[in-house]
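The structure under discussion appears below in the form of structure tokens.
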Amino acid sequence: MHSTANFRGAIFMCLAMAGFTCNDALVKSVTGVMNSGQIMLVRGFFTSILVLLLARHFGAMRSFRLVLSPAVAMRIAAEVAASIAYISALGQLPLANASAILQALPLAVTLGAALFLSEPVGWRRWLAILIGFLGVLIVLRPGPDGFTGAALSVIASVVFAAIRDLCTRRIDHAIPSLFISVITATVITATGALMIVPLGGWQPMSAATVGTLAAASILLLVGYQFIVLAMRNGEIGIIAPFRYTSLIWSIGIGILFFSEEPDIWMVTGVAIIVASGLYTFARERNRRMATPAQESEPASP
């Protein structure tokens, strides 16, 4: 039963990463013609309509008073903060670099699960987490060229995204995933509207730009829905490493559409981050396999 749920969670995580990464690429392509607030508003407008129609069709709408639930409210706040931080960084960093820093998220989630959800983490996995964050520093290359405000924004988005995922585990399963997506998309849209004037005001948009953001909204919806399903179906320690599939998308898209070439520092840092994450995954799997075996041993006379 657990293995089936984890398998579903892994598939959902892969689909979520594909949706989010392709959405990131489309958003990055329009960052030069409008500010982050306008992007969040326009993209969020399309996403909100789509997810609302789906929720109504499947009977997933609930009372909006559920937003007052601490877990739901914290998840939404974390999602909004993560979106602001990440979108503001996309226009200043190569897509592959931003995605590489995001690969620390499984480690951050494992760390958060240990600290706040009381999930057991041994000293080996603690060491792997520390080594993984060292990999992030290698990607960042601390110094005037690497450690920029944009890089710090991506790190902030990692922290907020980890909070989001941990909060998702605390949401009552009676609340439909689609309804959570409705609330999230609506709040992000409203937040974007509030940000437009402080960030420089509204900019005219071409039909191509509107179409790009409409397509991004569809991909974002895919990410929203499947990330909720992933976190609800699988165990955090098992499914979190499948976030690394986003690297395949981000590096490929960066090379093909943005003429980005990953350098040796990014490749080295990503290798360390991924290796650390996969190690934590292996340790968790071994721990869970060993526990039933120990329980099945006969007691001493």
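Chain identifiers are assigned as A, B, and so on, following the order in which chains appear in the structure tokens; residues are numbered from 1 within each chain, and ligands are numbered from 1 in order of appearance.
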**Shell of 12 Å around region 119-136 of chain A, only C-alpha atoms, local chain residues under 6 positions omitted, as number ranges by chain** = A: 97-113, 142, 146-147, 151-152, 154-155, 158, 166, 235-237, 265-288
DSSP alpha helix (DSSP H) residues within region 57-233 of chain A, as a JSON list (two decimals) with C-alpha atoms, in the first residue's frame:
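selection_5.json written:
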[["chain", "number", "residue", "atom", "x", "y", "z"],
["A", 57, "HIS", "CA", -16.79, 20.84, -12.70],
["A", 70, "PRO", "CA", -3.60, 27.63, 9.87],
["A", 71, "ALA", "CA", -2.15, 24.99, 7.53],
["A", 72, "VAL", "CA", -3.97, 26.39, 4.47],
["A", 73, "ALA", "CA", -3.15, 30.00, 5.32],
["A", 74, "MET", "CA", 0.53, 29.24, 5.89],
["A", 75, "ARG", "CA", 0.72, 27.25, 2.67],
["A", 76, "ILE", "CA", -0.77, 30.11, 0.66],
["A", 77, "ALA", "CA", 1.50, 32.71, 2.27],
["A", 78, "ALA", "CA", 4.56, 30.54, 1.59],
["A", 79, "GLU", "CA", 3.50, 29.97, -2.03],
["A", 80, "VAL", "CA", 3.02, 33.69, -2.61],
["A", 81, "ALA", "CA", 6.40, 34.53, -1.10],
["A", 82, "ALA", "CA", 8.11, 31.79, -3.13],
["A", 83, "SER", "CA", 6.52, 33.06, -6.35],
["A", 84, "ILE", "CA", 7.58, 36.66, -5.74],
["A", 85, "ALA", "CA", 11.16, 35.67, -4.92],
["A", 86, "TYR", "CA", 11.56, 33.30, -7.85],
["A", 87, "ILE", "CA", 9.93, 35.40, -10.57],
["A", 88, "SER", "CA", 12.00, 38.42, -9.55],
["A", 89, "ALA", "CA", 15.16, 36.31, -9.98],
["A", 90, "LEU", "CA", 14.29, 34.63, -13.28],
["A", 95, "LEU", "CA", 17.29, 29.28, -16.18],
["A", 96, "ALA", "CA", 19.62, 26.35, -15.49],
["A", 97, "ASN", "CA", 21.34, 28.19, -12.62],
["A", 98, "ALA", "CA", 18.06, 29.14, -10.98],
["A", 99, "SER", "CA", 16.84, 25.57, -11.33],
["A", 100, "ALA", "CA", 20.14, 24.26, -9.95],
["A", 101, "ILE", "CA", 19.73, 26.28, -6.76],
["A", 102, "LEU", "CA", 16.16, 25.01, -6.46],
["A", 105, "LEU", "CA", 14.61, 22.00, -2.00],
["A", 106, "PRO", "CA", 14.44, 18.22, -1.29],
["A", 107, "LEU", "CA", 17.20, 18.68, 1.27],
["A", 108, "ALA", "CA", 15.38, 21.66, 2.78],
["A", 109, "VAL", "CA", 12.16, 19.65, 2.94],
["A", 110, "THR", "CA", 13.95, 16.73, 4.62],
["A", 111, "LEU", "CA", 15.48, 19.16, 7.10],
["A", 112, "GLY", "CA", 12.10, 20.75, 7.79],
["A", 113, "ALA", "CA", 10.40, 17.36, 8.15],
["A", 114, "ALA", "CA", 12.99, 16.39, 10.76],
["A", 115, "LEU", "CA", 12.70, 19.64, 12.70],
["A", 116, "PHE", "CA", 8.94, 20.22, 12.53],
["A", 123, "TRP", "CA", 23.68, 11.63, 11.37],
["A", 124, "ARG", "CA", 24.50, 10.41, 7.85],
["A", 125, "ARG", "CA", 21.54, 12.22, 6.37],
["A", 126, "TRP", "CA", 22.35, 15.33, 8.41],
["A", 127, "LEU", "CA", 25.81, 15.21, 6.87],
["A", 128, "ALA", "CA", 24.31, 14.74, 3.41],
["A", 129, "ILE", "CA", 22.12, 17.81, 3.94],
["A", 130, "LEU", "CA", 25.15, 19.91, 4.89],
["A", 131, "ILE", "CA", 27.11, 18.66, 1.87],
["A", 132, "GLY", "CA", 24.12, 19.42, -0.35],
["A", 133, "PHE", "CA", 24.03, 23.00, 0.84],
["A", 134, "LEU", "CA", 27.75, 23.19, 0.13],
["A", 135, "GLY", "CA", 26.82, 22.28, -3.43],
["A", 136, "VAL", "CA", 24.47, 25.27, -3.48],
["A", 137, "LEU", "CA", 27.37, 27.51, -2.51],
["A", 138, "ILE", "CA", 29.43, 26.09, -5.37],
["A", 139, "VAL", "CA", 26.62, 26.93, -7.80],
["A", 140, "LEU", "CA", 26.42, 30.42, -6.31],
["A", 149, "GLY", "CA", 20.65, 39.57, -5.13],
["A", 150, "ALA", "CA", 18.97, 37.33, -7.70],
["A", 151, "ALA", "CA", 20.73, 34.28, -6.29],
["A", 152, "LEU", "CA", 19.60, 35.24, -2.79],
["A", 153, "SER", "CA", 16.04, 35.54, -4.10],
["A", 154, "VAL", "CA", 16.18, 31.96, -5.38],
["A", 155, "ILE", "CA", 17.48, 30.79, -1.99],
["A", 156, "ALA", "CA", 14.57, 32.60, -0.35],
["A", 157, "SER", "CA", 12.17, 30.87, -2.73],
["A", 158, "VAL", "CA", 13.65, 27.51, -1.67],
["A", 159, "VAL", "CA", 12.94, 28.29, 1.98],
["A", 160, "PHE", "CA", 9.37, 29.37, 1.28],
["A", 161, "ALA", "CA", 8.71, 26.41, -1.03],
["A", 162, "ALA", "CA", 9.89, 24.01, 1.69],
["A", 163, "ILE", "CA", 7.46, 25.64, 4.12],
["A", 164, "ARG", "CA", 4.72, 25.29, 1.51],
["A", 165, "ASP", "CA", 5.36, 21.58, 1.06],
["A", 166, "LEU", "CA", 5.48, 20.89, 4.77],
["A", 167, "CYS", "CA", 2.23, 22.78, 5.31],
["A", 168, "THR", "CA", 0.59, 20.73, 2.57],
["A", 177, "SER", "CA", -6.56, 19.60, -3.94],
["A", 178, "LEU", "CA", -8.34, 21.63, -6.63],
["A", 179, "PHE", "CA", -9.82, 23.92, -4.02],
["A", 180, "ILE", "CA", -6.37, 24.53, -2.55],
["A", 181, "SER", "CA", -5.22, 25.44, -6.05],
["A", 182, "VAL", "CA", -8.16, 27.85, -6.47],
["A", 183, "ILE", "CA", -7.27, 29.72, -3.31],
["A", 184, "THR", "CA", -3.56, 29.79, -4.10],
["A", 185, "ALA", "CA", -4.01, 31.08, -7.65],
["A", 186, "THR", "CA", -6.49, 33.75, -6.54],
["A", 187, "VAL", "CA", -4.23, 35.09, -3.79],
["A", 188, "ILE", "CA", -1.18, 35.17, -6.07],
["A", 189, "THR", "CA", -3.18, 37.08, -8.69],
["A", 190, "ALA", "CA", -4.32, 39.65, -6.14],
["A", 191, "THR", "CA", -0.80, 40.01, -4.79],
["A", 192, "GLY", "CA", 0.52, 40.63, -8.29],
["A", 193, "ALA", "CA", -2.05, 43.40, -8.80],
["A", 194, "LEU", "CA", -0.87, 45.13, -5.62],
["A", 195, "MET", "CA", 2.76, 44.93, -6.74],
["A", 196, "ILE", "CA", 2.38, 46.49, -10.22],
["A", 207, "ALA", "CA", -0.91, 39.40, -28.33],
["A", 208, "ALA", "CA", 2.13, 37.10, -28.32],
["A", 209, "THR", "CA", 2.98, 38.12, -24.76],
["A", 210, "VAL", "CA", -0.57, 37.49, -23.58],
["A", 211, "GLY", "CA", -0.52, 34.11, -25.31],
["A", 212, "THR", "CA", 2.78, 33.25, -23.65],
["A", 213, "LEU", "CA", 1.41, 34.00, -20.20],
["A", 214, "ALA", "CA", -1.80, 32.12, -20.98],
["A", 215, "ALA", "CA", 0.28, 29.04, -21.88],
["A", 216, "ALA", "CA", 2.36, 29.56, -18.73],
["A", 217, "SER", "CA", -0.82, 29.60, -16.68],
["A", 218, "ILE", "CA", -1.83, 26.19, -18.02],
["A", 219, "LEU", "CA", 1.58, 24.77, -17.14],
["A", 220, "LEU", "CA", 1.45, 26.42, -13.73],
["A", 221, "LEU", "CA", -1.92, 24.78, -13.12],
["A", 222, "VAL", "CA", -0.36, 21.43, -13.96],
["A", 223, "GLY", "CA", 2.39, 22.14, -11.43],
["A", 224, "TYR", "CA", -0.03, 23.36, -8.75],
["A", 225, "GLN", "CA", -2.26, 20.34, -8.96],
["A", 226, "PHE", "CA", 0.39, 17.66, -9.18],
["A", 227, "ILE", "CA", 2.58, 19.10, -6.42],
["A", 228, "VAL", "CA", -0.38, 18.93, -4.04],
["A", 229, "LEU", "CA", -1.20, 15.39, -5.17],
["A", 230, "ALA", "CA", 2.45, 14.37, -4.82],
["A", 231, "MET", "CA", 2.81, 15.67, -1.27],
["A", 232, "ARG", "CA", -0.48, 14.10, -0.25],
["A", 233, "ASN", "CA", 0.18, 10.66, -1.74]]
**Message:** Give me, as a list in words, all polymer residues having an atom no more than 12 Å from Val33 (chain A), counting only C-alpha atoms and skipping those fewer than 4 positions away in the same chain.
**Reply:** Val27, Lys28, Ser29, Gly37, Gln38, Ile39, Gly91, Gly200, Gly201, Trp202, Gln203, Pro204, Met205, Ser206, Ala208, Thr209 and Val210 of chain A
Dump of N, CA, C and O atoms for the selected residues, as a short mmCIF file (atom, residue, chain, number, x, y, z; two decimals), in the first residue's frame:
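Result file follows (part.cif):
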data_model
loop_
_atom_site.label_atom_id
_atom_site.label_comp_id
_atom_site.auth_asym_id
_atom_site.auth_seq_id
_atom_site.Cartn_x
_atom_site.Cartn_y
_atom_site.Cartn_z
N VAL A 27 7.81 32.33 -18.50
CA VAL A 27 7.85 33.56 -17.69
C VAL A 27 9.16 34.31 -17.93
O VAL A 27 9.17 35.53 -18.08
N LYS A 28 10.25 33.58 -17.96
CA LYS A 28 11.55 34.21 -18.19
C LYS A 28 11.58 34.96 -19.53
O LYS A 28 12.20 36.02 -19.65
N SER A 29 10.88 34.42 -20.50
CA SER A 29 10.90 35.04 -21.83
C SER A 29 10.20 36.40 -21.88
O SER A 29 10.40 37.16 -22.82
N GLY A 37 5.11 41.90 -10.79
CA GLY A 37 3.72 42.02 -10.39
C GLY A 37 2.77 41.83 -11.55
O GLY A 37 1.74 41.15 -11.43
N GLN A 38 3.09 42.43 -12.70
CA GLN A 38 2.23 42.28 -13.87
C GLN A 38 2.21 40.84 -14.37
O GLN A 38 1.17 40.33 -14.78
N ILE A 39 3.37 40.18 -14.31
CA ILE A 39 3.42 38.77 -14.71
C ILE A 39 2.53 37.94 -13.80
O ILE A 39 1.75 37.10 -14.25
N GLY A 91 14.55 36.79 -14.36
CA GLY A 91 15.04 37.67 -15.41
C GLY A 91 16.51 38.01 -15.29
O GLY A 91 17.10 38.56 -16.23
N GLY A 200 6.81 49.84 -10.89
CA GLY A 200 7.00 50.62 -12.11
C GLY A 200 5.76 50.84 -12.96
O GLY A 200 5.82 51.56 -13.96
N GLY A 201 4.66 50.21 -12.61
CA GLY A 201 3.42 50.43 -13.35
C GLY A 201 3.18 49.42 -14.45
O GLY A 201 4.02 48.58 -14.78
N TRP A 202 2.00 49.54 -15.04
CA TRP A 202 1.54 48.61 -16.09
C TRP A 202 2.25 48.91 -17.41
O TRP A 202 2.42 50.05 -17.79
N GLN A 203 2.65 47.84 -18.11
CA GLN A 203 3.28 47.97 -19.41
C GLN A 203 2.39 47.36 -20.48
O GLN A 203 1.73 46.34 -20.26
N PRO A 204 2.31 48.00 -21.68
CA PRO A 204 1.49 47.45 -22.77
C PRO A 204 1.97 46.05 -23.14
O PRO A 204 3.17 45.75 -23.08
N MET A 205 1.02 45.19 -23.55
CA MET A 205 1.37 43.81 -23.89
C MET A 205 0.91 43.48 -25.31
O MET A 205 -0.19 43.88 -25.72
N SER A 206 1.72 42.76 -26.05
CA SER A 206 1.35 42.29 -27.38
C SER A 206 0.52 41.02 -27.25
O SER A 206 0.47 40.39 -26.18
N ALA A 208 1.20 38.22 -28.56
CA ALA A 208 2.13 37.10 -28.32
C ALA A 208 2.47 36.99 -26.85
O ALA A 208 2.57 35.88 -26.30
N THR A 209 2.65 38.14 -26.19
CA THR A 209 2.98 38.12 -24.76
C THR A 209 1.82 37.58 -23.94
O THR A 209 2.01 36.77 -23.03
N VAL A 210 0.62 38.00 -24.28
CA VAL A 210 -0.57 37.49 -23.58
C VAL A 210 -0.69 35.99 -23.79
O VAL A 210 -0.98 35.23 -22.84
#
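Taking CA of Arg8 (chain A) and CA of Arg243 (chain A) as endpoints, the distance between them is 14.0 Å.
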**Request:** Write out as JSON, numbers by chain which residues come within 8 Å of Cys22 (chain A) when counting only C-alpha atoms, dropping same-chain ones fewer than 3 positions away.
**Result:** {"A": [18, 19, 25, 26, 216, 219, 249, 250]}
For the residues selected in the previous step, produce a file with all heavy atoms as a PDB file, in the first residue's frame.
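Dumped to out.pdb:
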ATOM      1  N   ALA A  18       7.839  19.084 -14.537  1.00  0.00           N
ATOM      2  CA  ALA A  18       7.765  19.425 -15.964  1.00  0.00           C
ATOM      3  C   ALA A  18       6.914  20.670 -16.167  1.00  0.00           C
ATOM      4  O   ALA A  18       7.282  21.586 -16.912  1.00  0.00           O
ATOM      5  CB  ALA A  18       7.189  18.248 -16.754  1.00  0.00           C
ATOM      6  N   GLY A  19       5.760  20.721 -15.486  1.00  0.00           N
ATOM      7  CA  GLY A  19       4.888  21.883 -15.606  1.00  0.00           C
ATOM      8  C   GLY A  19       5.529  23.150 -15.089  1.00  0.00           C
ATOM      9  O   GLY A  19       5.516  24.192 -15.751  1.00  0.00           O
ATOM     10  N   ALA A  25      10.248  28.848 -17.974  1.00  0.00           N
ATOM     11  CA  ALA A  25      10.862  29.266 -19.228  1.00  0.00           C
ATOM     12  C   ALA A  25      10.005  30.321 -19.935  1.00  0.00           C
ATOM     13  O   ALA A  25      10.526  31.317 -20.456  1.00  0.00           O
ATOM     14  CB  ALA A  25      11.066  28.062 -20.146  1.00  0.00           C
ATOM     15  N   LEU A  26       8.692  30.124 -19.939  1.00  0.00           N
ATOM     16  CA  LEU A  26       7.810  31.096 -20.585  1.00  0.00           C
ATOM     17  C   LEU A  26       7.810  32.421 -19.816  1.00  0.00           C
ATOM     18  O   LEU A  26       7.809  33.496 -20.428  1.00  0.00           O
ATOM     19  CB  LEU A  26       6.389  30.528 -20.674  1.00  0.00           C
ATOM     20  CG  LEU A  26       6.212  29.329 -21.612  1.00  0.00           C
ATOM     21  CD1 LEU A  26       4.770  28.830 -21.566  1.00  0.00           C
ATOM     22  CD2 LEU A  26       6.595  29.693 -23.042  1.00  0.00           C
ATOM     23  N   ALA A 216       1.681  29.750 -20.019  1.00  0.00           N
ATOM     24  CA  ALA A 216       2.358  29.562 -18.732  1.00  0.00           C
ATOM     25  C   ALA A 216       1.359  29.237 -17.631  1.00  0.00           C
ATOM     26  O   ALA A 216       1.648  28.433 -16.737  1.00  0.00           O
ATOM     27  CB  ALA A 216       3.155  30.816 -18.375  1.00  0.00           C
ATOM     28  N   LEU A 219       0.492  25.569 -17.703  1.00  0.00           N
ATOM     29  CA  LEU A 219       1.580  24.774 -17.145  1.00  0.00           C
ATOM     30  C   LEU A 219       1.688  24.956 -15.631  1.00  0.00           C
ATOM     31  O   LEU A 219       1.988  24.008 -14.897  1.00  0.00           O
ATOM     32  CB  LEU A 219       2.897  25.164 -17.814  1.00  0.00           C
ATOM     33  CG  LEU A 219       2.989  24.809 -19.302  1.00  0.00           C
ATOM     34  CD1 LEU A 219       4.165  25.515 -19.949  1.00  0.00           C
ATOM     35  CD2 LEU A 219       3.101  23.299 -19.475  1.00  0.00           C
ATOM     36  N   TRP A 249      14.767  19.317 -17.810  1.00  0.00           N
ATOM     37  CA  TRP A 249      14.011  20.326 -18.546  1.00  0.00           C
ATOM     38  C   TRP A 249      14.733  21.671 -18.590  1.00  0.00           C
ATOM     39  O   TRP A 249      14.850  22.284 -19.651  1.00  0.00           O
ATOM     40  CB  TRP A 249      12.632  20.506 -17.910  1.00  0.00           C
ATOM     41  CG  TRP A 249      11.743  19.327 -18.065  1.00  0.00           C
ATOM     42  CD1 TRP A 249      11.585  18.296 -17.186  1.00  0.00           C
ATOM     43  CD2 TRP A 249      10.893  19.032 -19.184  1.00  0.00           C
ATOM     44  NE1 TRP A 249      10.681  17.382 -17.671  1.00  0.00           N
ATOM     45  CE2 TRP A 249      10.239  17.807 -18.883  1.00  0.00           C
ATOM     46  CE3 TRP A 249      10.604  19.677 -20.376  1.00  0.00           C
ATOM     47  CZ2 TRP A 249       9.324  17.225 -19.758  1.00  0.00           C
ATOM     48  CZ3 TRP A 249       9.684  19.102 -21.241  1.00  0.00           C
ATOM     49  CH2 TRP A 249       9.062  17.896 -20.941  1.00  0.00           C
ATOM     50  N   SER A 250      15.211  22.122 -17.450  1.00  0.00           N
ATOM     51  CA  SER A 250      15.794  23.470 -17.390  1.00  0.00           C
ATOM     52  C   SER A 250      17.081  23.578 -18.200  1.00  0.00           C
ATOM     53  O   SER A 250      17.300  24.574 -18.898  1.00  0.00           O
ATOM     54  CB  SER A 250      16.042  23.883 -15.937  1.00  0.00           C
ATOM     55  OG  SER A 250      16.977  23.018 -15.323  1.00  0.00           O
TER      56      SER A 250
END
